[in-house]
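**Q** One structure, as structure tokens, below. Some questions next.
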Amino acid sequence: MQALRWHGVKDLRIETIEEPQVTAGKVKIKIEWCGICGSDLHEYAAGPIFISQGTNHPLTHEQAPVVMGHEFSGQVVEVGEGVTKVQAGDRVVVEPIFACGKCTACKQGKYNLCEHMGFLGLAGGGGGFSEYVAADEHMVHKIPDSVSYEQGALVEPSAVALYAVRQSQLKVGDRAVVFGAGPIGLLVIEALKASGAAEIYAVELSEERRSTAESLGAIGLNPAEVDVVAEIHRLTNGGADVAYEVTGVPVVLTQAIQSTKLSGQIMIVSIFEKEAPIHPNQIVMQERNITGIIGYRDVFPAVISLMSQGYFSSEKLVTKRIALNDIVEQGFEALLKEKNQVKIMVSPNHS
């Protein structure tokens, strides 16, 4: 089968590899759609970050080159011995977290904090930028007919967004600000709507992304035109209840901290490529609270349920649909160069 594999920085190759075999407890899935994630883009431009290079990953026992892609949907074509959760013909998505099940975090049920945690499509195990994937049964979730395959490929990034909001101290009627209206930031806006936020502000330089945030119900702020910290304090009469940092840009973290009210919270959703200097007094003197999340846990069923109610709509978030053969130039390079792109979907089994 054809698959996209990461070999190094700016070195992605479409190669012919063996189709995955179905063994006991495994589910073989024909991929319909796979989204290009910000993490994939980081690996392309500045990796390896989550990808193991030079040594095998402790759980998958694989290293680069690895098949990429972890935001995907598809149809079950075969199940291994002992699989009872799904059957051939089922429409599914995969929760792509590998966890050891033995460390302190895993014993507490916090599998996303596993000390050896890895993602299918980054740490090995196959990936969605290929024709087929074989995943462990417990990673597979069925989607209803009301959720399209394209919508299904948004379950994974939507899970990040919903988990970020659920782990924050946001309450119904609160005011929130989202720094960065890329794919995850826009999905955080959707999660905030579903969670009952009264006002949502979106800070974004890109006019196209800011416009998309506004179409989702947020109040857009352009940091090139206004002092966003002062403007948020003015509009909220004292600061936002919770600020979500979704850019990974050090200076923006400072803005997120300063934009919150007394005893407000800053939720860091980004992965940072470099250190971000902050002044502790900005936290101490206002009794603010900073926390962060990595990935998600136990939220896929809730995301799928919300999708069936109309949240996390692919119609507003998917800006481009391409074939696997076009993924480097029209996918990864387009996301680096074209700020109007939000979510690019790849179909490995259709030209």
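Ordered as shown in the structure tokens, chains take letters A, B, and onward, while each chain numbers its residues from 1 and ligands are numbered from 1 in the order shown.
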Can you tell me, as an MDAnalysis selection string, what residues are no more than 9 Å from stretch 147-152 of chain A when counting only C-alpha atoms, ignoring any on the same chain fewer than 2 positions away?
**A** chainID A and resid 32:35 71:75 91:93 143:145 154:156 304 307:308 312:315 318 345
**Q** I'd like the contact shell of stretch 233-238 of chain A - 8 Å cut-off, only C-alpha atoms, skipping same-chain residues fewer than 3 positions apart - returned as a PyMOL selection string.
**A** chain A and resi 175+229-230+259-262
**Q** To one decimal place in Å, what is the distance between atom CA of A:Gly295 and atom CA of A:Asn112?
**A** 6.4 Å
**Q** If you run DSSP over the backbone, which residues in stretch 211-309 of chain A end up strand (DSSP E)? Put them as a list in words.
**A**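 Taking stretch 211-309 of chain A and keeping strand (DSSP E) gives Ile219, Gly220, Leu221, Ala240, Asp241, Val242, Ala243, Tyr244, Glu245, Thr260, Lys261, Leu262, Ser263, Gly264, Gln265, Ile266, Met267, Ile268, Asn289, Ile290, Thr291 and Gly292 of chain A.
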**Q** Do you know which residues are at most 12 Å from stretch 59-63 of chain A counting only C-alpha atoms, after dropping those on the same chain fewer than 5 positions away, and could you put them as a VMD selection string?
**A** chain A and resid 5 to 8 48 50 to 54 68 97 to 102 114 to 126 135
**Q** So how many Å separate atom CA of A:Gly38 and atom CA of A:Gly248, to one decimal?
**A**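 Computing it gives 10.6 Å between the two atoms.
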**Q** Between A:Glu131, A:Val303, A:Glu225, A:Val177, which has the minimum distance to A:Gln255 (counting only C-alpha atoms)?
**A** A:Val177
**Q** When DSSP is applied to the backbone of this structure, which of stretch 137-328 of chain A are assigned helix (DSSP H, G or I)? Write them out as number ranges by chain.
**A** A: 137-139, 149-152, 155-167, 183-194, 207-215, 228-236, 250-258, 281-284, 300-308, 314-317, 324-328
**Q** Leaving out A:Leu187 and any residue of its chain fewer than 3 positions from it, which residues lie within 12 Å of it when counting only C-alpha atoms, given as a PyMOL selection string?
**A** chain A and resi 154-165+178+180-184+190-194+202+212-213+216-218+244+246+269+303+307+311-314+316-318+342-343
**Q** Excluding A:Gly69 and any residue of its chain fewer than 2 positions from it, enumerate the residues within 6 Å of it, using only C-alpha atoms, and give them as a ChimeraX atom specification.
**A** /A:121,127-129
**Q** For A:Glu15, which residue among A:Ile36, A:Met285, A:Ile29, A:Val67 is the nearest when counting only C-alpha atoms?
**A** A:Val67
**Q** Which polymer residues have any atom within 7 Å of an atom of stretch 25-27 of chain A, counting only C-alpha atoms, with same-chain residues fewer than 3 positions away left out, as an MDAnalysis selection string?
**A** chainID A and resid 22 76 78:83 134:137
**Q** With C-alpha atoms retained, write the just-selected residues as a tab-separated table (two decimals), in the first residue's frame.
**A**
```tsv
chain	number	residue	atom	x	y	z
A	22	VAL	CA	-4.65	-8.39	11.48
A	76	VAL	CA	-13.50	-1.61	9.46
A	78	GLU	CA	-11.31	-7.03	9.10
A	79	VAL	CA	-11.08	-7.88	12.80
A	80	GLY	CA	-8.66	-10.13	14.64
A	81	GLU	CA	-9.40	-12.98	17.01
A	82	GLY	CA	-11.18	-11.92	20.18
A	83	VAL	CA	-12.46	-8.56	18.87
A	134	ALA	CA	-4.42	-1.92	12.13
A	135	ALA	CA	-5.23	-0.58	15.61
A	136	ASP	CA	-5.84	-2.20	18.98
A	137	GLU	CA	-9.54	-2.78	19.68
```
**Q** Work out how far apart atom CA of A:Gln341 and atom CA of A:Ala323 are and give it in Å to one decimal.
**A**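 Taking atom CA of A:Gln341 and atom CA of A:Ala323, their separation equals 16.3 Å.
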